[in-house]
$ cat run-v5.cif   # mmCIF, C-alpha atoms and all ligand atoms
data_upload
loop_
_atom_site.group_PDB
_atom_site.id
_atom_site.type_symbol
_atom_site.label_atom_id
_atom_site.label_comp_id
_atom_site.auth_asym_id
_atom_site.auth_seq_id
_atom_site.Cartn_x
_atom_site.Cartn_y
_atom_site.Cartn_z
ATOM 1 C CA MET B 16 71.304 83.344 107.292
ATOM 2 C CA THR B 17 68.721 81.993 104.882
ATOM 3 C CA LEU B 18 68.924 82.489 101.169
ATOM 4 C CA LEU B 19 65.859 84.688 101.333
ATOM 5 C CA THR B 20 67.486 86.975 103.878
ATOM 6 C CA ARG B 21 70.618 87.180 101.807
ATOM 7 C CA ARG B 22 68.555 88.006 98.756
ATOM 8 C CA THR B 23 66.735 90.735 100.617
ATOM 9 C CA LEU B 24 70.035 92.138 101.769
ATOM 10 C CA VAL B 25 71.598 92.163 98.338
ATOM 11 C CA THR B 26 68.634 93.522 96.405
ATOM 12 C CA GLY B 27 67.737 95.919 99.216
ATOM 13 C CA GLY B 28 71.271 97.263 99.287
ATOM 14 C CA ALA B 29 71.490 96.771 103.060
ATOM 15 C CA LEU B 30 74.788 94.894 103.167
ATOM 16 C CA GLY B 31 77.232 96.678 105.437
ATOM 17 C CA ALA B 32 80.386 96.516 103.348
ATOM 18 C CA GLY B 33 80.151 99.202 100.684
ATOM 19 C CA LEU B 34 83.064 97.685 98.863
ATOM 20 C CA LEU B 35 81.260 94.400 98.431
ATOM 21 C CA LEU B 36 77.920 95.990 97.776
ATOM 22 C CA SER B 37 78.859 98.063 94.764
ATOM 23 C CA GLY B 38 80.419 95.208 92.807
ATOM 24 C CA CYS B 39 77.957 92.638 94.003
ATOM 25 C CA ASP B 40 74.926 94.769 93.274
ATOM 26 C CA LYS B 41 76.034 95.401 89.710
ATOM 27 C CA LEU B 42 76.706 91.732 89.196
ATOM 28 C CA ALA B 43 73.394 90.789 90.776
ATOM 29 C CA GLN B 44 71.519 92.951 88.272
ATOM 30 C CA GLN B 45 72.618 90.722 85.421
ATOM 31 C CA PRO B 46 69.837 88.227 84.664
ATOM 32 C CA GLY B 47 72.133 85.246 84.156
ATOM 33 C CA PHE B 48 73.959 85.906 87.365
ATOM 34 C CA ARG B 49 70.740 86.354 89.318
ATOM 35 C CA ARG B 50 69.542 83.019 88.013
ATOM 36 C CA ILE B 51 72.667 81.268 89.262
ATOM 37 C CA LEU B 52 72.866 83.143 92.549
ATOM 38 C CA PHE B 53 69.257 82.750 93.549
ATOM 39 C CA SER B 54 68.353 79.423 91.992
ATOM 40 C CA GLY B 55 67.979 77.564 95.265
ATOM 41 C CA GLU B 56 69.707 74.225 95.000
ATOM 42 C CA LYS B 57 72.269 75.435 92.472
ATOM 43 C CA ILE B 58 73.764 77.899 94.926
ATOM 44 C CA ASN B 59 77.012 76.641 96.318
ATOM 45 C CA MET B 60 78.439 77.420 99.741
ATOM 46 C CA GLY B 61 81.767 78.508 98.322
ATOM 47 C CA LEU B 62 80.076 81.013 96.062
ATOM 48 C CA GLN B 63 77.968 82.313 98.928
ATOM 49 C CA ARG B 64 81.019 82.795 101.107
ATOM 50 C CA ALA B 65 82.927 84.491 98.329
ATOM 51 C CA LEU B 66 80.144 86.909 97.572
ATOM 52 C CA MET B 67 78.677 87.548 100.975
ATOM 53 C CA ASP B 68 81.320 87.256 103.686
ATOM 54 C CA ARG B 69 84.846 86.995 102.520
ATOM 55 C CA ASN B 70 85.461 90.572 101.422
ATOM 56 C CA ALA B 71 84.459 92.072 104.757
ATOM 57 C CA LEU B 72 87.276 94.066 106.295
ATOM 58 C CA ALA B 73 89.054 93.129 109.515
ATOM 59 C CA PRO B 74 88.739 95.843 112.185
ATOM 60 C CA GLU B 75 91.286 98.642 111.939
ATOM 61 C CA PHE B 76 92.564 100.580 114.944
ATOM 62 C CA THR B 77 93.952 104.018 115.742
ATOM 63 C CA PRO B 78 97.624 104.772 116.509
ATOM 64 C CA ASP B 79 96.932 105.130 120.246
ATOM 65 C CA GLN B 80 95.633 101.552 120.295
ATOM 66 C CA MET B 81 98.896 100.075 118.990
ATOM 67 C CA SER B 82 100.537 97.555 121.325
ATOM 68 C CA PRO B 83 103.654 98.925 123.039
ATOM 69 C CA VAL B 84 105.190 95.471 122.644
ATOM 70 C CA PHE B 85 104.548 93.196 119.662
ATOM 71 C CA ARG B 86 106.187 89.876 120.422
ATOM 72 C CA THR B 87 107.670 87.606 117.802
ATOM 73 C CA ASN B 88 106.637 84.013 117.372
ATOM 74 C CA GLY B 89 107.767 80.961 115.445
ATOM 75 C CA ASN B 90 111.068 81.583 113.764
ATOM 76 C CA SER B 91 112.574 84.941 114.601
ATOM 77 C CA ASN B 92 115.599 84.603 112.309
ATOM 78 C CA PRO B 93 115.956 82.228 109.328
ATOM 79 C CA ASN B 94 119.720 82.340 109.919
ATOM 80 C CA THR B 95 120.653 80.590 106.673
ATOM 81 C CA ALA B 96 123.765 81.639 104.742
ATOM 82 C CA ASP B 97 121.621 83.221 101.991
ATOM 83 C CA TYR B 98 119.405 85.065 104.415
ATOM 84 C CA ASN B 99 122.333 86.329 106.483
ATOM 85 C CA ARG B 100 123.950 87.674 103.314
ATOM 86 C CA HIS B 101 120.738 89.570 102.480
ATOM 87 C CA VAL B 102 120.641 91.015 106.001
ATOM 88 C CA ALA B 103 124.293 92.088 105.684
ATOM 89 C CA GLU B 104 123.465 93.770 102.353
ATOM 90 C CA ASN B 105 120.356 95.395 103.830
ATOM 91 C CA PHE B 106 118.360 93.392 101.247
ATOM 92 C CA ALA B 107 119.769 95.491 98.376
ATOM 93 C CA ASN B 108 120.206 92.398 96.179
ATOM 94 C CA TRP B 109 117.166 90.530 97.459
ATOM 95 C CA ARG B 110 114.368 89.969 94.954
ATOM 96 C CA LEU B 111 110.855 88.661 95.484
ATOM 97 C CA GLU B 112 110.088 86.045 92.838
ATOM 98 C CA VAL B 113 106.515 85.912 91.578
ATOM 99 C CA GLY B 114 105.779 82.941 89.355
ATOM 100 C CA GLY B 115 103.676 79.895 88.694
ATOM 101 C CA LEU B 116 100.437 80.487 86.780
ATOM 102 C CA VAL B 117 101.282 84.020 85.656
ATOM 103 C CA ASP B 118 101.874 85.506 82.207
ATOM 104 C CA ARG B 119 104.729 87.743 83.393
ATOM 105 C CA PRO B 120 106.958 86.286 86.135
ATOM 106 C CA LEU B 121 108.379 89.103 88.257
ATOM 107 C CA ARG B 122 111.543 89.679 90.255
ATOM 108 C CA LEU B 123 110.800 92.600 92.538
ATOM 109 C CA SER B 124 113.301 94.604 94.584
ATOM 110 C CA LEU B 125 112.222 96.426 97.721
ATOM 111 C CA THR B 126 112.223 99.604 95.629
ATOM 112 C CA ASP B 127 109.847 97.974 93.130
ATOM 113 C CA ILE B 128 107.613 96.857 95.988
ATOM 114 C CA GLY B 129 107.609 100.385 97.385
ATOM 115 C CA ALA B 130 106.625 101.781 93.968
ATOM 116 C CA PHE B 131 103.224 100.053 93.964
ATOM 117 C CA PRO B 132 100.338 102.005 95.499
ATOM 118 C CA GLN B 133 100.705 101.486 99.233
ATOM 119 C CA ARG B 134 98.168 100.505 101.857
ATOM 120 C CA ALA B 135 98.724 101.096 105.568
ATOM 121 C CA GLN B 136 96.555 99.442 108.191
ATOM 122 C CA ILE B 137 96.558 99.132 111.966
ATOM 123 C CA THR B 138 95.227 95.682 112.739
ATOM 124 C CA ARG B 139 95.195 93.028 115.425
ATOM 125 C CA HIS B 140 97.298 89.923 114.966
ATOM 126 C CA ASP B 141 95.758 86.883 116.658
ATOM 127 C CA CYS B 142 97.973 83.880 117.274
ATOM 128 C CA VAL B 143 96.362 80.503 117.696
ATOM 129 C CA GLU B 144 98.459 80.097 120.859
ATOM 130 C CA GLY B 145 96.330 82.735 122.552
ATOM 131 C CA TRP B 146 98.079 86.093 122.306
ATOM 132 C CA SER B 147 97.221 89.157 120.226
ATOM 133 C CA ALA B 148 98.976 92.393 119.331
ATOM 134 C CA ILE B 149 97.969 95.507 117.413
ATOM 135 C CA GLY B 150 100.452 96.872 114.918
ATOM 136 C CA LYS B 151 100.673 99.014 111.822
ATOM 137 C CA TRP B 152 101.589 97.395 108.529
ATOM 138 C CA GLN B 153 102.331 98.939 105.156
ATOM 139 C CA GLY B 154 102.900 97.594 101.686
ATOM 140 C CA PRO B 155 101.299 96.979 98.302
ATOM 141 C CA MET B 156 98.102 94.992 98.016
ATOM 142 C CA LEU B 157 98.978 91.455 96.971
ATOM 143 C CA GLY B 158 96.184 91.667 94.392
ATOM 144 C CA ASN B 159 97.957 94.499 92.562
ATOM 145 C CA VAL B 160 101.218 92.553 92.487
ATOM 146 C CA LEU B 161 99.376 89.535 91.098
ATOM 147 C CA LYS B 162 97.697 91.718 88.468
ATOM 148 C CA ALA B 163 101.100 93.111 87.472
ATOM 149 C CA ALA B 164 102.285 89.525 87.021
ATOM 150 C CA GLY B 165 99.238 88.707 84.909
ATOM 151 C CA VAL B 166 97.916 85.971 87.167
ATOM 152 C CA ARG B 167 95.937 83.471 85.118
ATOM 153 C CA ASN B 168 92.321 82.441 85.599
ATOM 154 C CA SER B 169 93.468 78.893 86.226
ATOM 155 C CA ALA B 170 95.138 79.982 89.510
ATOM 156 C CA ARG B 171 93.232 78.819 92.563
ATOM 157 C CA TYR B 172 95.768 79.402 95.326
ATOM 158 C CA ILE B 173 98.723 81.621 96.076
ATOM 159 C CA VAL B 174 101.639 79.897 97.793
ATOM 160 C CA PHE B 175 104.251 81.780 99.847
ATOM 161 C CA THR B 176 107.652 80.191 100.298
ATOM 162 C CA CYS B 177 109.714 81.563 103.156
ATOM 163 C CA ALA B 178 113.418 81.821 103.937
ATOM 164 C CA ASP B 179 113.246 79.953 107.244
ATOM 165 C CA LEU B 180 113.526 76.209 107.482
ATOM 166 C CA TRP B 181 111.654 73.893 109.807
ATOM 167 C CA SER B 182 113.305 70.475 109.961
ATOM 168 C CA GLY B 183 115.083 71.328 106.723
ATOM 169 C CA ALA B 184 112.017 72.418 104.716
ATOM 170 C CA PRO B 185 110.968 76.023 104.139
ATOM 171 C CA TYR B 186 108.022 77.403 106.066
ATOM 172 C CA TYR B 187 105.243 77.931 103.583
ATOM 173 C CA GLU B 188 101.642 79.028 103.525
ATOM 174 C CA SER B 189 98.851 79.392 100.999
ATOM 175 C CA ILE B 190 95.627 81.325 100.589
ATOM 176 C CA ASP B 191 92.852 81.225 98.017
ATOM 177 C CA MET B 192 92.134 83.886 95.417
ATOM 178 C CA VAL B 193 89.420 85.583 97.493
ATOM 179 C CA ASP B 194 91.943 86.249 100.247
ATOM 180 C CA ALA B 195 94.689 87.041 97.741
ATOM 181 C CA PHE B 196 92.581 89.886 96.338
ATOM 182 C CA HIS B 197 91.171 91.014 99.693
ATOM 183 C CA PRO B 198 92.031 94.724 100.066
ATOM 184 C CA GLN B 199 93.770 94.176 103.431
ATOM 185 C CA THR B 200 96.000 91.412 102.080
ATOM 186 C CA ILE B 201 99.322 93.181 101.667
ATOM 187 C CA LEU B 202 102.998 92.387 101.299
ATOM 188 C CA ALA B 203 104.215 94.363 104.298
ATOM 189 C CA TRP B 204 107.739 95.808 104.169
ATOM 190 C CA ALA B 205 107.022 98.301 106.982
ATOM 191 C CA MET B 206 105.779 97.692 110.512
ATOM 192 C CA ASN B 207 105.031 100.543 112.910
ATOM 193 C CA ASP B 208 106.538 103.001 110.382
ATOM 194 C CA LYS B 209 109.901 101.225 110.158
ATOM 195 C CA ARG B 210 111.213 98.519 107.838
ATOM 196 C CA VAL B 211 109.952 95.132 109.042
ATOM 197 C CA SER B 212 112.616 93.799 111.422
ATOM 198 C CA VAL B 213 114.271 90.404 111.099
ATOM 199 C CA GLY B 214 112.177 89.154 114.026
ATOM 200 C CA HIS B 215 108.929 90.102 112.303
ATOM 201 C CA GLY B 216 109.789 88.782 108.834
ATOM 202 C CA ALA B 217 112.213 91.049 106.955
ATOM 203 C CA PRO B 218 112.248 92.061 104.207
ATOM 204 C CA ILE B 219 108.558 91.349 103.605
ATOM 205 C CA ARG B 220 105.855 89.369 105.323
ATOM 206 C CA LEU B 221 102.323 88.614 104.320
ATOM 207 C CA ARG B 222 99.492 90.350 106.157
ATOM 208 C CA VAL B 223 96.259 88.496 105.597
ATOM 209 C CA GLU B 224 94.160 90.216 108.189
ATOM 210 C CA ARG B 225 91.112 87.960 108.229
ATOM 211 C CA HIS B 226 93.268 85.003 109.238
ATOM 212 C CA LEU B 227 95.081 83.711 112.303
ATOM 213 C CA GLY B 228 98.759 84.441 112.862
ATOM 214 C CA TYR B 229 100.267 81.385 111.242
ATOM 215 C CA LYS B 230 98.823 82.288 107.824
ATOM 216 C CA ASN B 231 100.784 85.578 107.989
ATOM 217 C CA ALA B 232 103.990 84.227 106.467
ATOM 218 C CA LYS B 233 107.216 86.012 107.376
ATOM 219 C CA TYR B 234 110.416 86.075 105.244
ATOM 220 C CA VAL B 235 108.487 85.630 101.978
ATOM 221 C CA MET B 236 110.941 84.821 99.188
ATOM 222 C CA ARG B 237 108.662 83.402 96.491
ATOM 223 C CA ILE B 238 105.034 83.740 95.549
ATOM 224 C CA ASP B 239 103.517 81.159 93.215
ATOM 225 C CA ALA B 240 100.065 81.001 91.691
ATOM 226 C CA VAL B 241 98.998 77.352 91.521
ATOM 227 C CA SER B 242 95.927 75.337 90.573
ATOM 228 C CA SER B 243 96.388 72.747 93.329
ATOM 229 C CA LEU B 244 98.212 72.391 96.635
ATOM 230 C CA ALA B 245 99.009 68.748 95.968
ATOM 231 C CA GLY B 246 102.742 68.100 95.785
ATOM 232 C CA ILE B 247 103.650 71.256 97.718
ATOM 233 C CA GLY B 248 105.071 70.352 101.117
ATOM 234 C CA LEU B 249 102.899 67.511 102.376
ATOM 235 C CA GLY B 250 99.952 68.864 100.398
ATOM 236 C CA LYS B 251 97.866 70.526 103.109
ATOM 237 C CA GLY B 252 98.752 74.075 102.139
ATOM 238 C CA GLY B 253 101.099 75.145 104.897
ATOM 239 C CA TYR B 254 103.769 74.112 107.338
ATOM 240 C CA TRP B 255 101.478 73.897 110.383
ATOM 241 C CA GLU B 256 98.676 72.400 108.322
ATOM 242 C CA ASP B 257 101.082 69.665 107.217
ATOM 243 C CA HIS B 258 102.669 69.003 110.596
ATOM 244 C CA VAL B 259 100.248 69.894 113.387
ATOM 245 C CA ASN B 260 96.855 69.636 111.697
ATOM 246 C CA TYR B 261 96.112 73.350 111.909
ATOM 247 C CA ASP B 262 93.184 74.207 109.646
ATOM 248 C CA TRP B 263 94.093 75.484 106.204
ATOM 249 C CA TYR B 264 91.209 77.935 106.438
ATOM 250 C CA ALA B 265 92.006 80.021 109.531
ATOM 251 C CA GLY B 266 89.501 82.799 108.940
ATOM 252 C CA ILE B 267 88.601 85.106 111.838
HETATM 253 N N1 LIG T 301 108.150 82.198 107.829
HETATM 254 C C1 LIG T 301 107.458 82.098 108.969
HETATM 255 N N2 LIG T 301 106.297 82.757 109.057
HETATM 256 C C2 LIG T 301 105.566 82.687 110.194
HETATM 257 C C3 LIG T 301 105.981 81.879 111.292
HETATM 258 C C4 LIG T 301 107.225 81.194 111.162
HETATM 259 O O1 LIG T 301 107.675 80.482 112.076
HETATM 260 N N3 LIG T 301 107.932 81.328 109.984
HETATM 261 N N4 LIG T 301 105.196 81.810 112.423
HETATM 262 C C5 LIG T 301 103.779 82.187 112.285
HETATM 263 C C6 LIG T 301 103.078 82.411 113.544
HETATM 264 S S1 LIG T 301 102.495 81.057 114.365
HETATM 265 C C7 LIG T 301 102.768 83.665 113.994
HETATM 266 S S2 LIG T 301 101.786 83.927 115.353
HETATM 267 C C8 LIG T 301 103.316 84.862 113.328
HETATM 268 C C9 LIG T 301 104.164 85.634 114.290
HETATM 269 O O2 LIG T 301 104.535 86.859 113.708
HETATM 270 P P1 LIG T 301 105.487 87.815 114.507
HETATM 271 O O3 LIG T 301 106.760 87.067 114.824
HETATM 272 O O4 LIG T 301 105.700 89.008 113.636
HETATM 273 O O5 LIG T 301 104.776 88.181 115.807
HETATM 274 O O6 LIG T 301 104.083 84.559 112.192
HETATM 275 C C10 LIG T 301 103.633 83.449 111.444
HETATM 276 N N5 LIG T 301 104.416 83.381 110.240
HETATM 277 MO MO MO T 302 100.887 81.880 115.805
#

$ encode --input "run-v5.cif" --output "structure tokens" --more "lines below"
Ligand SMILES: Nc1nc2c(c(=O)[nH]1)N[C@H]1C(S)=C(S)[C@@H](COP(=O)(O)O)O[C@H]1N2
Ligand SMILES: [Mo]
Amino acid sequence: MTLLTRRTLVTGGALGAGLLLSGCDKLAQQPGFRRILFSGEKINMGLQRALMDRNALAPEFTPDQMSPVFRTNGNSNPNTADYNRHVAENFANWRLEVGGLVDRPLRLSLTDIGAFPQRAQITRHDCVEGWSAIGKWQGPMLGNVLKAAGVRNSARYIVFTCADLWSGAPYYESIDMVDAFHPQTILAWAMNDKRVSVGHGAPIRLRVERHLGYKNAKYVMRIDAVSSLAGIGLGKGGYWEDHVNYDWYAGI
């Protein structure tokens, strides 16, 4: 799409996503912002993506479209001593740690997580290996949890550290701030109206609906806001990115 077309869309109010339009339109009215946004060579692809594409919603489905079977993939049980203790205690003493570049580090119980405003969504999970399944997920928007923690402006990525180990190192994943604050990015504790099972990532798993399956980290134990992915794992932002050259950006 050319810049001119985008401009027409924004100023003409014809962009499909109402969510994006309202905020974007207001912003676009400000003279300084318009100068940056529409100044030809100064426009940057990242900014374009952030403003024009990245907040679009993934399709949502109706209950009758839910898959009768939703297979598991990757690890289906972390099976470490710590994790097994949490399972035995029904996760009563489990806490989600939220830290890194935040003003107020948090330790959230499942009750705390359930006390945030909840979002439920029926979406399609697409695995890079070629299978898909439609399921219902519920939990707080990650963005609201990050706001509660007072995430700092210096944060550029959110890193999820999981309970399961691959060759001795925890599975991990990361997303940028656009995806972190996307309305369908939730910390799901419920799947198909039940607590997320061990196979699907108990007690919570990330749902980042505009991305392929491997970005949807199961068994999330820690969330860190960081300014760089260097020094985390092998530095490419996720287990599969580090080890099998999967793309860090797995947008669909
Ligand atoms: N912690 C963790 N998260 C993970 C994986 C994993 O092995 N460990 N596998 C990923 C892959 S490749 C897919 S397709 C989905 C599978 O989710 P499911 O088991 O709920 O179907 O989880 C993703 N998240
Ligand atoms: Mo996958």

$ atom_distance --input "run-v5.cif" --atom1 "CA of Asp262 in chain B" --atom2 "CA of Val211 in chain B"
26.8 Å

$ residues_near_ligand --input "run-v5.cif" --ligand "ligand MO 302 (chain T)" --cutoff "9 Å" --atoms "all atoms listed in the file" --output "PyMOL selection string"
chain B and resi 88-89+140-146+227-231

$ atom_distance --input "run-v5.cif" --atom1 "atom C8 of ligand LIG 301 (chain T)" --atom2 "CA of Ser182 in chain B"
17.8 Å

$ residues_around --input "run-v5.cif" --residues "Lys251 in chain B" --least-positions-apart "6" --cutoff "7 Å" --atoms "only C-alpha atoms" --output "number ranges by chain"
B: 244, 257, 263

$ closest_residue --input "run-v5.cif" --among "B:Ala232, B:Ile267, B:Val213, B:Ala184" --to "ligand LIG 301 (chain T)" --atoms "only C-alpha atoms and all ligand atoms"
B:Ala232

$ residues_around --input "run-v5.cif" --residues "Asn108 in chain B" --least-positions-apart "2" --cutoff "12 Å" --atoms "only C-alpha atoms" --output "PyMOL selection string"
chain B and resi 97-98+100-106+110-111+122-126+218

$ resolve_selection --input "run-v5.cif" --expression "the PyMOL selection byres (((chain B and resi 75-84) around 9) and not hetatm)" --output "ChimeraX atom specification"
/B:72-74,85-86,136-139,148-151,207

$ write_last_selection --input "run-v5.cif" --atoms "C-alpha atoms" --output "CSV table (one decimal), in the frame of the given file"
chain,number,residue,atom,x,y,z
B,72,LEU,CA,87.3,94.1,106.3
B,73,ALA,CA,89.1,93.1,109.5
B,74,PRO,CA,88.7,95.8,112.2
B,85,PHE,CA,104.5,93.2,119.7
B,86,ARG,CA,106.2,89.9,120.4
B,136,GLN,CA,96.6,99.4,108.2
B,137,ILE,CA,96.6,99.1,112.0
B,138,THR,CA,95.2,95.7,112.7
B,139,ARG,CA,95.2,93.0,115.4
B,148,ALA,CA,99.0,92.4,119.3
B,149,ILE,CA,98.0,95.5,117.4
B,150,GLY,CA,100.5,96.9,114.9
B,151,LYS,CA,100.7,99.0,111.8
B,207,ASN,CA,105.0,100.5,112.9

$ atom_distance --input "run-v5.cif" --atom1 "atom N4 of ligand LIG 301 (chain T)" --atom2 "CA of Val259 in chain B"
12.9 Å

$ residues_near_point --input "run-v5.cif" --point "(107.2, 94.7, 100.1)" --cutoff "6 Å" --atoms "all atoms listed in the file" --output "ChimeraX atom specification"
/B:125,128,154,202-204,219

$ closest_residue --input "run-v5.cif" --among "B:Met236, B:Ser243, B:Tyr254, B:Gln133" --to "Trp152 in chain B" --atoms "all atoms listed in the file"
B:Gln133

$ closest_residue --input "run-v5.cif" --among "B:Leu180, B:Ala135, B:Ala107, B:Met156" --to "Ser91 in chain B" --atoms "all atoms listed in the file"
B:Leu180

$ residues_around --input "run-v5.cif" --residues "Pro185 in chain B" --least-positions-apart "4" --cutoff "10 Å" --atoms "only C-alpha atoms" --output "number ranges by chain"
B: 93, 175-181, 248, 253-254
